[in-house]
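The structure appears below as structure tokens.
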Protein chains: 2
Amino acid sequence: MSEPRKLEVLRAIVEDYVHSREPVGSKALVERHHLGVSSATIRNDMAALEDEGLITAPHTSAGRIPTDKGYRLFVDQISAVKPLSQAERRAIQSLLEGSDDLDDVLERTVRLLSQLTNQVAVVQYPHLSRAMVRHIEFVLLAPRQVLTVLIADTGKVEQRVIDVGQELSDDVLASLRARFLKSLSGTPLSLLPQALPAVVAGCEPSRRHAAQALARGLDALASSTREERMVMAGTANLARSNVDFPLSIGPVLEALEEQVVMLRLLSEMAQDPRGVTVSIGRENPYDGLAEASVVATGYGPGSTAKVGVLGPTRMDYPTTMAAVRAVARYLSRILGP
Amino acid sequence: MSEPRKLEVLRAIVEDYVHSREPVGSKALVERHHLGVSSATIRNDMAALEDEGLITAPHTSAGRIPTDKGYRLFVDQISAVKPLSQAERRAIQSLLEGSDDLDDVLERTVRLLSQLTNQVAVVQYPHLSRAMVRHIEFVLLAPRQVLTVLIADTGKVEQRVIDVGQELSDDVLASLRARFLKSLSGTPLSLLPQALPAVVAGCEPSRRHAAQALARGLDALASSTREERMVMAGTANLARSNVDFPLSIGPVLEALEEQVVMLRLLSEMAQDPRGVTVSIGRENPYDGLAEASVVATGYGPGSTAKVGVLGPTRMDYPTTMAAVRAVARYLSRILGP
DNA sequence: GTTAGCACTTAGACATGACGAGTGCTAACG
DNA sequence: CGTTAGCACTCGTCATGTCTAAGTGCTAAC
């Protein structure tokens, strides 16, 4: 029994099953792929594969389907990267044009990726751990209400309305703004909590209270940029692959809606040196995704933020991986490496 | 055959069907509701209701289920408003606390509403047609790149990075900002397109080009606030009421994802004087929602923005309507009438 | 206008059996 | 020793038939 042929059989099973959604038997296998041996031989190979836990039979006399472990082996060792079609390349390329706003770029990206793969696409906002304060703006909305705006050098803007607890004039607010800006400009957002008290302390006592409130506001803004968010698209694709989620797509939708779950999942996916990381079925930490796979990769500065695709375990890994990788590359090109 | 009793029968059918998801027959009806007549009489009434197109029988010998028209009559004339439970009131109340940011408020609102109704909740961002320019900020990110920020008096902030096409110094930019701000402060966003050319014309020729670019940027920002957006939550609830969407929840998810569809739907729902508007099944302009109903109402300034719930036609209208109305009221209280 | 009774219709549950796909095993082959 | 052919055996699926419960429509009586 030759080892290479066994792998070849596994590959054939995965490909056929992904294509047909039906358990694949030894006979069909020798017909569709020219393996040069008879079905009886394949049966022996399949029995071996089953012993190794790579495939399984849903019931006594049906074909075999890959297990999570089988998919894993397929992804790691067998599958070849499938190049994108010309049309796909062009679609991605057109992303480059006419979008400068970060929100806009991410929005377009997920839409594209979900269409490309016919699955759910998610993209994480770029990490801002290295982002620095570019600008601070205070706007007086009412005598005690101040709109606080924090602008990072990455182009990200966060704003919030806060109550300063004492009435302020435009002039006083402007001088406070100047003080904050002077002290904090260029400070990494992550160091803001340490840097703020000094600024407050340097203010005139009469303004101390307001300054304190403003500092709290800025701190909240910085942490809300640290707190990560994501965009997604293509949830409707889940309904189409309804059949692939035996129980229901409910838990999957829940996971997607609980962004925290997805974000943790994405960040926990170790960066694979080959470029794209795959998390298959029960490998996922979240139970609701036991029948789903996630294909993701990093992009942007330091490849810290993730972009990825979620679909049924029975997914076309080579194509999906290619799409994710290509999109991530273009994304990095737009936003800077 | 008494007319009031016929309506009573319709009400009973709707209530039972919503409760049990099964076609309801004449016998079960007299048992569950004390109507004081026999099942034979009910049968006559039901035959009449069927002739009027208010109920229908899925097959020859099964009970009846309400038609869209039947639900409509139920909602318009029969159903009584169901008061919210104490716990529900409290849940809504707690929305009031500790949220000042508009995004935050809307986010919490949809979550709450979707949990309250076990359905999909949507809320539209408040219309800004009456909003006015409160503040304008230009920030130089690179010699030719300017971050443009437009702040409305409603607290809404929009920003975008634009390329001004010529190199600018901080000073020049500051003076441009002052000019724009002086001319435009207090201008309604809707009038911005008409007001901008005059400002550009008033600039020194050497800066004309940059001013033009900035004006275009502001215009885009204003229109992106005019262009409406929405937030939603609870899509996972769709999966649970899977059975209620015979075909698939796919089209529904699509409609939800294509925000344009939902936004148009919400705006087209005429404001009902009674407070809550309902669009039932095929009444919906979008085919994908043929088996869904939308319960919505206005909130905030002039009740122009909408908040609502989407679920299967077979929904508990009284409860849903009560929840939507209550949430809209609290929302208006937070954001101002 | 209401009721009782009855014939009629039909979906759904259940059993039955034929069929086909697929396996595992054994014995023969090169 | 790996490969192959052949065969008995196992199950899921589908078509078929039967039975039951639910529910209707109609008619005749109240």
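FYI, nothing fancy with the structure tokens labels: chains A, B, ... in order, residues from 1 per chain, ligands from 1 as they appear.
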Query raised in the report: Which polymer residues have any atom within 7 Å of an atom of region 16-25 of chain C, counting only C-alpha atoms (C1' of nucleotides), with same-chain residues fewer than 2 positions away left out, as a PyMOL selection string?
Result: chain A and resi 25+61-63
DSSP on the backbone: which residues in region 211-324 of chain B end up as helix (DSSP H, G or I)? Give the answer as a PyMOL selection string. chain B and resi 211-226+235-244+250-257+259-268+281-283+287-289+301-303+317-324
Discussion item. Taking only C-alpha atoms into account, find every residue of chain B that has an atom no more than 6 Å from chain A, and write it out as a list in words.
Written reply: Asp101, Arg160, Ala236, Ala239, Gly250, Leu253 and Glu254 of chain B
Mobile chain B placed on reference chain A by ordered C-alpha fit, as a CSV table (one decimal) with C-alpha atoms, in the first residue's frame:
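Everything below was put into superposed_3.csv:
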```csv
chain,number,residue,atom,x,y,z
B,1,MET,CA,0.0,0.1,0.2
B,2,SER,CA,1.8,3.2,-1.0
B,3,GLU,CA,1.8,6.3,1.2
B,4,PRO,CA,1.7,8.9,-1.6
B,5,ARG,CA,-1.3,7.2,-3.1
B,6,LYS,CA,-3.1,7.3,0.2
B,7,LEU,CA,-2.7,11.1,0.3
B,8,GLU,CA,-3.9,11.2,-3.3
B,9,VAL,CA,-7.0,9.3,-2.3
B,10,LEU,CA,-7.6,11.7,0.6
B,11,ARG,CA,-7.3,14.7,-1.7
B,12,ALA,CA,-9.7,13.1,-4.2
B,13,ILE,CA,-12.2,12.5,-1.4
B,14,VAL,CA,-12.0,16.0,-0.2
B,15,GLU,CA,-12.3,17.5,-3.6
B,16,ASP,CA,-15.2,15.3,-4.6
B,17,TYR,CA,-17.0,15.8,-1.4
B,18,VAL,CA,-16.7,19.5,-1.5
B,19,HIS,CA,-17.9,19.4,-5.0
B,20,SER,CA,-20.9,17.1,-4.6
B,21,ARG,CA,-21.8,17.3,-0.9
B,22,GLU,CA,-22.3,13.5,-1.0
B,23,PRO,CA,-20.3,10.8,0.7
B,24,VAL,CA,-17.9,9.5,-1.9
B,25,GLY,CA,-17.4,5.8,-2.5
B,26,SER,CA,-14.5,3.8,-3.8
B,27,LYS,CA,-16.0,3.1,-7.2
B,28,ALA,CA,-16.9,6.7,-8.0
B,29,LEU,CA,-13.4,7.6,-7.0
B,30,VAL,CA,-11.6,5.4,-9.5
B,31,GLU,CA,-14.0,6.6,-12.2
B,32,ARG,CA,-13.6,10.4,-11.6
B,33,HIS,CA,-9.8,10.3,-11.0
B,34,HIS,CA,-7.4,8.2,-13.0
B,35,LEU,CA,-5.6,6.6,-10.1
B,36,GLY,CA,-4.5,3.5,-12.1
B,37,VAL,CA,-5.7,1.0,-9.5
B,38,SER,CA,-9.0,-0.8,-8.9
B,39,SER,CA,-11.7,0.1,-6.5
B,40,ALA,CA,-10.8,-2.7,-4.2
B,41,THR,CA,-7.3,-1.2,-3.7
B,42,ILE,CA,-8.9,2.1,-3.0
B,43,ARG,CA,-11.1,0.4,-0.4
B,44,ASN,CA,-8.0,-0.8,1.4
B,45,ASP,CA,-6.6,2.7,1.3
B,46,MET,CA,-9.8,4.1,2.6
B,47,ALA,CA,-9.9,1.7,5.4
B,48,ALA,CA,-6.5,2.8,6.4
B,49,LEU,CA,-7.4,6.5,6.2
B,50,GLU,CA,-10.4,5.8,8.4
B,51,ASP,CA,-8.2,4.0,11.0
B,52,GLU,CA,-6.1,7.2,11.1
B,53,GLY,CA,-9.2,9.3,11.7
B,54,LEU,CA,-8.9,11.2,8.5
B,55,ILE,CA,-12.2,10.2,7.0
B,56,THR,CA,-15.4,8.7,8.3
B,57,ALA,CA,-18.5,6.9,7.1
B,58,PRO,CA,-21.8,8.5,8.1
B,59,HIS,CA,-23.3,5.0,8.2
B,60,THR,CA,-22.4,1.4,7.5
B,61,SER,CA,-22.7,1.4,3.8
B,62,ALA,CA,-22.2,4.8,2.5
B,63,GLY,CA,-19.2,6.6,1.0
B,64,ARG,CA,-16.7,8.4,3.2
B,65,ILE,CA,-16.5,12.0,4.1
B,66,PRO,CA,-13.4,13.9,5.5
B,67,THR,CA,-13.1,14.6,9.2
B,68,ASP,CA,-11.8,17.8,10.6
B,69,LYS,CA,-8.5,16.1,10.9
B,70,GLY,CA,-8.7,15.1,7.2
B,71,TYR,CA,-9.4,18.6,6.1
B,72,ARG,CA,-6.5,19.7,8.3
B,73,LEU,CA,-4.1,17.4,6.5
B,74,PHE,CA,-5.5,18.4,3.2
B,75,VAL,CA,-5.0,22.1,3.9
B,76,ASP,CA,-1.5,21.6,5.4
B,77,GLN,CA,0.1,19.2,3.0
B,78,ILE,CA,-2.0,18.4,0.0
B,79,SER,CA,-3.8,21.3,-1.5
B,80,ALA,CA,-2.2,23.5,-4.0
B,81,VAL,CA,-2.8,27.2,-4.2
B,82,LYS,CA,-5.4,27.9,-6.8
B,83,PRO,CA,-4.6,31.0,-8.7
B,84,LEU,CA,-7.4,33.6,-9.0
B,85,SER,CA,-9.1,34.1,-12.3
B,86,GLN,CA,-8.5,37.2,-14.3
B,87,ALA,CA,-12.0,38.5,-13.5
B,88,GLU,CA,-11.3,38.1,-9.8
B,89,ARG,CA,-8.0,39.9,-10.0
B,90,ARG,CA,-9.7,42.8,-11.8
B,91,ALA,CA,-12.5,43.0,-9.2
B,92,ILE,CA,-9.9,43.3,-6.4
B,93,GLN,CA,-8.0,45.8,-8.4
B,94,SER,CA,-11.0,48.1,-8.7
B,95,LEU,CA,-11.0,48.2,-4.9
B,96,LEU,CA,-8.0,50.5,-5.2
B,97,GLU,CA,-9.8,53.2,-6.9
B,98,GLY,CA,-11.7,56.0,-5.4
B,99,SER,CA,-11.7,55.1,-1.7
B,100,ASP,CA,-9.7,57.0,0.8
B,101,ASP,CA,-11.9,56.7,3.9
B,102,LEU,CA,-10.9,53.8,6.1
B,103,ASP,CA,-14.5,52.8,6.8
B,104,ASP,CA,-15.2,52.9,3.1
B,105,VAL,CA,-12.2,50.7,2.2
B,106,LEU,CA,-13.1,48.0,4.8
B,107,GLU,CA,-16.7,48.1,3.8
B,108,ARG,CA,-15.9,47.5,0.2
B,109,THR,CA,-13.4,44.8,1.1
B,110,VAL,CA,-15.8,42.6,3.0
B,111,ARG,CA,-18.4,42.9,0.3
B,112,LEU,CA,-15.9,41.9,-2.3
B,113,LEU,CA,-14.5,39.1,-0.3
B,114,SER,CA,-17.9,37.7,0.5
B,115,GLN,CA,-18.9,37.8,-3.2
B,116,LEU,CA,-15.6,36.2,-4.3
B,117,THR,CA,-16.0,33.3,-1.9
B,118,ASN,CA,-19.8,33.1,-1.6
B,119,GLN,CA,-19.3,33.1,2.1
B,120,VAL,CA,-19.3,35.4,5.1
B,121,ALA,CA,-16.4,37.8,5.1
B,122,VAL,CA,-15.1,39.6,8.1
B,123,VAL,CA,-12.4,42.3,8.5
B,124,GLN,CA,-11.0,43.6,11.7
B,125,TYR,CA,-10.2,47.3,12.1
B,126,PRO,CA,-6.5,47.8,12.0
B,127,HIS,CA,-4.8,47.7,15.4
B,128,LEU,CA,-3.9,51.1,16.7
B,129,SER,CA,-1.3,50.0,19.2
B,130,ARG,CA,1.3,52.1,17.5
B,131,ALA,CA,-1.0,54.9,16.5
B,132,MET,CA,-0.2,58.3,17.9
B,133,VAL,CA,-2.1,61.3,18.8
B,134,ARG,CA,-2.3,63.6,15.8
B,135,HIS,CA,-4.8,66.1,16.9
B,136,ILE,CA,-7.2,66.8,19.7
B,137,GLU,CA,-10.3,69.0,19.3
B,138,PHE,CA,-12.8,70.2,21.9
B,139,VAL,CA,-16.0,71.7,20.7
B,140,LEU,CA,-18.5,73.5,23.1
B,141,LEU,CA,-21.9,72.2,22.3
B,142,ALA,CA,-23.6,73.7,25.4
B,143,PRO,CA,-22.1,75.5,28.4
B,144,ARG,CA,-21.2,72.2,30.1
B,145,GLN,CA,-21.2,69.8,27.2
B,146,VAL,CA,-18.1,69.3,25.2
B,147,LEU,CA,-17.6,67.3,22.1
B,148,THR,CA,-14.2,65.6,22.4
B,149,VAL,CA,-12.5,64.5,19.2
B,150,LEU,CA,-9.3,62.5,19.1
B,151,ILE,CA,-7.6,62.0,15.8
B,152,ALA,CA,-4.8,59.5,15.3
B,153,ASP,CA,-2.1,59.7,12.7
B,154,THR,CA,-3.6,56.6,11.1
B,155,GLY,CA,-6.6,58.8,10.0
B,156,LYS,CA,-8.9,57.2,12.6
B,157,VAL,CA,-11.2,59.6,14.3
B,158,GLU,CA,-13.1,59.0,17.5
B,159,GLN,CA,-15.5,61.4,19.1
B,160,ARG,CA,-17.7,61.5,22.1
B,161,VAL,CA,-19.8,64.1,24.0
B,162,ILE,CA,-19.0,64.5,27.6
B,163,ASP,CA,-20.3,66.6,30.5
B,164,VAL,CA,-17.5,68.6,32.1
B,165,GLY,CA,-19.4,69.4,35.2
B,166,GLN,CA,-18.7,73.1,35.2
B,167,GLU,CA,-19.5,75.9,32.8
B,168,LEU,CA,-16.8,76.8,30.4
B,169,SER,CA,-16.2,79.6,27.9
B,170,ASP,CA,-14.9,79.1,24.4
B,171,ASP,CA,-11.7,80.8,25.4
B,172,VAL,CA,-11.0,78.6,28.4
B,173,LEU,CA,-11.8,75.5,26.3
B,174,ALA,CA,-9.4,76.7,23.6
B,175,SER,CA,-6.6,77.1,26.1
B,176,LEU,CA,-7.3,73.7,27.6
B,177,ARG,CA,-7.2,72.3,24.1
B,178,ALA,CA,-3.9,74.0,23.4
B,179,ARG,CA,-2.4,72.6,26.6
B,180,PHE,CA,-3.6,69.0,25.9
B,181,LEU,CA,-2.5,69.2,22.4
B,182,LYS,CA,1.0,70.5,23.2
B,183,SER,CA,1.6,67.8,25.8
B,184,LEU,CA,0.1,64.9,24.0
B,185,SER,CA,0.7,65.4,20.4
B,186,GLY,CA,2.7,62.4,19.2
B,187,THR,CA,2.0,60.3,22.2
B,188,PRO,CA,1.1,56.7,21.4
B,189,LEU,CA,-2.5,56.0,22.2
B,190,SER,CA,-1.4,53.1,24.4
B,191,LEU,CA,0.5,55.5,26.6
B,192,LEU,CA,-2.3,58.0,27.0
B,193,PRO,CA,-3.5,56.7,30.3
B,194,GLN,CA,-0.1,57.4,31.9
B,195,ALA,CA,0.4,60.7,30.2
B,196,LEU,CA,-3.0,62.3,31.0
B,197,PRO,CA,-2.6,62.9,34.8
B,198,ALA,CA,0.4,65.1,34.3
B,199,VAL,CA,-1.5,67.3,31.9
B,200,VAL,CA,-4.4,67.7,34.3
B,201,ALA,CA,-2.0,68.4,37.2
B,202,GLY,CA,-0.4,71.3,35.2
B,203,CYS,CA,-3.7,73.1,34.8
B,204,GLU,CA,-4.9,76.0,36.9
B,205,PRO,CA,-6.8,74.8,39.9
B,206,SER,CA,-10.0,76.5,38.8
B,207,ARG,CA,-10.0,74.5,35.6
B,208,ARG,CA,-8.8,71.3,37.2
B,209,HIS,CA,-12.3,69.8,37.4
B,210,ALA,CA,-13.1,70.3,33.7
B,211,ALA,CA,-9.6,69.2,32.7
B,212,GLN,CA,-10.2,66.0,34.7
B,213,ALA,CA,-13.4,65.3,32.9
B,214,LEU,CA,-11.8,66.0,29.5
B,215,ALA,CA,-9.0,63.7,30.3
B,216,ARG,CA,-11.4,60.9,31.2
B,217,GLY,CA,-13.1,61.5,27.9
B,218,LEU,CA,-9.9,61.2,26.0
B,219,ASP,CA,-8.9,58.1,27.8
B,220,ALA,CA,-12.3,56.6,26.9
B,221,LEU,CA,-11.7,57.5,23.3
B,222,ALA,CA,-8.3,56.0,23.2
B,223,SER,CA,-9.5,52.8,24.7
B,224,SER,CA,-12.5,52.7,22.3
B,225,THR,CA,-9.9,52.7,19.5
B,226,ARG,CA,-8.0,50.0,21.3
B,227,GLU,CA,-11.1,48.1,21.7
B,228,GLU,CA,-11.5,46.4,18.4
B,229,ARG,CA,-14.2,46.4,16.0
B,230,MET,CA,-15.0,44.6,12.8
B,231,VAL,CA,-17.1,44.7,9.7
B,232,MET,CA,-18.8,41.8,8.0
B,233,ALA,CA,-20.8,41.0,4.9
B,234,GLY,CA,-22.4,38.1,3.2
B,235,THR,CA,-24.4,36.6,6.0
B,236,ALA,CA,-27.1,35.8,3.5
B,237,ASN,CA,-24.6,33.3,2.0
B,238,LEU,CA,-25.0,31.2,5.2
B,239,ALA,CA,-28.6,30.6,4.3
B,240,ARG,CA,-27.7,29.1,1.0
B,241,SER,CA,-25.2,26.7,2.6
B,242,ASN,CA,-28.0,25.8,5.0
B,243,VAL,CA,-27.6,22.2,4.3
B,244,ASP,CA,-24.0,22.3,5.5
B,245,PHE,CA,-25.0,23.2,8.9
B,246,PRO,CA,-27.0,20.2,10.0
B,247,LEU,CA,-28.4,21.8,13.2
B,248,SER,CA,-29.1,25.3,12.2
B,249,ILE,CA,-27.2,28.4,11.2
B,250,GLY,CA,-28.5,30.0,14.4
B,251,PRO,CA,-25.3,29.5,16.5
B,252,VAL,CA,-23.2,30.7,13.6
B,253,LEU,CA,-25.2,33.9,13.3
B,254,GLU,CA,-24.9,34.3,17.0
B,255,ALA,CA,-21.2,34.0,16.9
B,256,LEU,CA,-21.0,36.6,14.1
B,257,GLU,CA,-23.2,39.0,16.0
B,258,GLU,CA,-21.3,38.7,19.2
B,259,GLN,CA,-18.4,40.4,17.6
B,260,VAL,CA,-16.3,39.7,20.7
B,261,VAL,CA,-16.3,36.0,19.8
B,262,MET,CA,-15.2,36.6,16.3
B,263,LEU,CA,-12.5,39.1,17.3
B,264,ARG,CA,-11.0,36.7,19.9
B,265,LEU,CA,-11.1,33.9,17.3
B,266,LEU,CA,-9.3,36.0,14.8
B,267,SER,CA,-6.7,37.3,17.1
B,268,GLU,CA,-6.0,33.8,18.5
B,269,MET,CA,-5.3,32.4,15.1
B,270,ALA,CA,-1.6,32.3,15.0
B,271,GLN,CA,0.0,33.9,12.0
B,272,ASP,CA,0.9,31.1,9.7
B,273,PRO,CA,4.3,31.7,7.9
B,274,ARG,CA,2.8,30.5,4.7
B,275,GLY,CA,0.4,33.4,4.7
B,276,VAL,CA,-3.1,32.2,5.5
B,277,THR,CA,-4.3,30.5,8.6
B,278,VAL,CA,-7.2,28.1,8.7
B,279,SER,CA,-9.2,27.0,11.7
B,280,ILE,CA,-11.3,24.0,11.0
B,281,GLY,CA,-14.5,22.8,12.7
B,282,ARG,CA,-14.0,21.8,16.3
B,283,GLU,CA,-10.6,23.4,16.3
B,284,ASN,CA,-12.6,26.6,16.8
B,285,PRO,CA,-12.8,27.7,20.4
B,286,TYR,CA,-16.4,28.5,20.1
B,287,ASP,CA,-18.9,25.7,20.1
B,288,GLY,CA,-21.4,27.4,17.8
B,289,LEU,CA,-18.7,27.2,15.1
B,290,ALA,CA,-18.1,23.4,15.4
B,291,GLU,CA,-19.2,22.9,11.8
B,292,ALA,CA,-17.6,26.0,10.4
B,293,SER,CA,-14.1,26.9,9.3
B,294,VAL,CA,-12.4,30.2,9.3
B,295,VAL,CA,-9.8,31.2,6.8
B,296,ALA,CA,-7.9,34.3,7.8
B,297,THR,CA,-4.7,36.3,7.5
B,298,GLY,CA,-3.2,39.5,8.7
B,299,TYR,CA,-2.9,42.7,6.8
B,300,GLY,CA,-1.7,46.2,7.2
B,301,PRO,CA,0.9,47.5,9.6
B,302,GLY,CA,2.8,44.5,11.0
B,303,SER,CA,0.0,42.2,9.7
B,304,THR,CA,-1.7,42.7,13.1
B,305,ALA,CA,-5.2,43.2,11.9
B,306,LYS,CA,-7.0,40.3,10.4
B,307,VAL,CA,-9.2,39.7,7.4
B,308,GLY,CA,-11.0,36.4,6.8
B,309,VAL,CA,-13.8,34.3,5.6
B,310,LEU,CA,-16.1,32.0,7.5
B,311,GLY,CA,-18.0,29.1,5.9
B,312,PRO,CA,-19.0,25.5,6.4
B,313,THR,CA,-16.2,23.0,7.1
B,314,ARG,CA,-17.0,21.6,3.7
B,315,MET,CA,-15.6,24.5,1.9
B,316,ASP,CA,-13.3,25.0,-1.1
B,317,TYR,CA,-10.2,25.7,0.8
B,318,PRO,CA,-7.7,26.3,-2.0
B,319,THR,CA,-9.9,28.9,-3.6
B,320,THR,CA,-10.9,30.6,-0.4
B,321,MET,CA,-7.4,30.7,0.8
B,322,ALA,CA,-6.3,32.3,-2.5
B,323,ALA,CA,-9.0,34.9,-2.3
B,324,VAL,CA,-8.3,35.8,1.3
B,325,ARG,CA,-4.6,36.1,0.6
B,326,ALA,CA,-5.1,38.2,-2.5
B,327,VAL,CA,-7.5,40.6,-0.8
B,328,ALA,CA,-5.2,41.0,2.2
B,329,ARG,CA,-2.4,41.9,-0.1
B,330,TYR,CA,-4.3,44.5,-1.9
B,331,LEU,CA,-5.6,45.8,1.4
B,332,SER,CA,-2.0,46.1,2.7
B,333,ARG,CA,-1.1,47.9,-0.4
B,334,ILE,CA,-3.8,50.5,0.1
B,335,LEU,CA,-3.3,51.0,3.8
B,336,GLY,CA,0.5,50.6,3.9
B,337,PRO,CA,2.3,47.5,5.0
```
Which of region 57-283 of chain A fall in strand (DSSP E or B), as a ChimeraX atom specification
/A:64-66,120-124,132-142,145-152,157-163,188,230-233,277-280
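Put simply, C1' of DC30 (chain D) is 25.1 Å away from C1' of DC8 (chain C).
As for C1' of DA28 (chain C) and C1' of DT4 (chain D), they are spaced 8.6 Å apart.
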Q. Once you count only C-alpha atoms (C1' of nucleotides), which residues of chain D turn out to be within 8 Å of chain B? Could you give them as number ranges by chain?
A. D: 22-24
Write a file of the just-selected residues containing C-alpha atoms (C1' of nucleotides), as an mmCIF file, in the first residue's frame.
```
data_model
loop_
_atom_site.group_PDB
_atom_site.id
_atom_site.type_symbol
_atom_site.label_atom_id
_atom_site.label_comp_id
_atom_site.auth_asym_id
_atom_site.auth_seq_id
_atom_site.Cartn_x
_atom_site.Cartn_y
_atom_site.Cartn_z
ATOM 1 C "C1'" DA D 22 -58.558 15.867 12.235
ATOM 2 C "C1'" DG D 23 -61.396 18.710 10.005
ATOM 3 C "C1'" DT D 24 -64.599 20.252 6.593
#
```
What separates C1' of DG5 (chain C) and C1' of DA21 (chain D) is a distance of 18.0 Å
Skip DC29 (chain C) itself and residues of its chain fewer than 2 positions away, then list as a short mmCIF file (atom, residue, chain, number, x, y, z; two decimals) with N, CA and C atoms (P, O5', C5', C4', C3', O3' and C1' of nucleotides), in the first residue's frame all residues within 10 Å of it, counting only C-alpha atoms (C1' of nucleotides).
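part18.cif, written as the output of this step:
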```cif
data_model
loop_
_atom_site.label_atom_id
_atom_site.label_comp_id
_atom_site.auth_asym_id
_atom_site.auth_seq_id
_atom_site.Cartn_x
_atom_site.Cartn_y
_atom_site.Cartn_z
P DA C 27 -10.18 -18.06 2.17
"O5'" DA C 27 -9.96 -18.33 0.61
"C5'" DA C 27 -11.06 -18.21 -0.29
"C4'" DA C 27 -10.51 -17.93 -1.68
"C3'" DA C 27 -9.20 -18.65 -1.98
"O3'" DA C 27 -9.19 -19.04 -3.35
"C1'" DA C 27 -8.89 -16.35 -2.21
P DT D 3 -0.54 -1.75 -4.00
"O5'" DT D 3 -1.33 -2.81 -4.86
"C5'" DT D 3 -0.80 -3.21 -6.12
"C4'" DT D 3 -1.73 -4.18 -6.78
"C3'" DT D 3 -3.16 -3.65 -6.97
"O3'" DT D 3 -3.49 -3.76 -8.36
"C1'" DT D 3 -3.18 -5.84 -6.05
P DT D 4 -4.84 -3.09 -8.87
"O5'" DT D 4 -5.80 -4.33 -9.00
"C5'" DT D 4 -5.42 -5.44 -9.81
"C4'" DT D 4 -6.34 -6.60 -9.58
"C3'" DT D 4 -7.84 -6.27 -9.72
"O3'" DT D 4 -8.36 -7.00 -10.82
"C1'" DT D 4 -7.39 -7.66 -7.82
P DA D 5 -9.68 -6.50 -11.52
"O5'" DA D 5 -10.62 -7.74 -11.22
"C5'" DA D 5 -10.12 -9.05 -11.41
"C4'" DA D 5 -11.02 -10.05 -10.74
"C3'" DA D 5 -12.51 -9.77 -10.87
"O3'" DA D 5 -13.16 -10.97 -11.29
"C1'" DA D 5 -11.94 -10.05 -8.58
#
```
Write out as a JSON list (two decimals) with C-alpha atoms (C1' of nucleotides), in the first residue's frame every residue belonging to chain C that has an atom at most 8 Å from any atom of chain B, counting only C-alpha atoms (C1' of nucleotides).
```json
[["chain", "number", "residue", "atom", "x", "y", "z"],
["C", 1, "DG", "C1'", -79.62, 31.87, 13.16],
["C", 2, "DT", "C1'", -77.98, 27.71, 15.46],
["C", 3, "DT", "C1'", -77.11, 22.90, 16.05],
["C", 9, "DT", "C1'", -61.23, 14.40, 2.10],
["C", 10, "DT", "C1'", -56.56, 14.41, 3.27]]
```
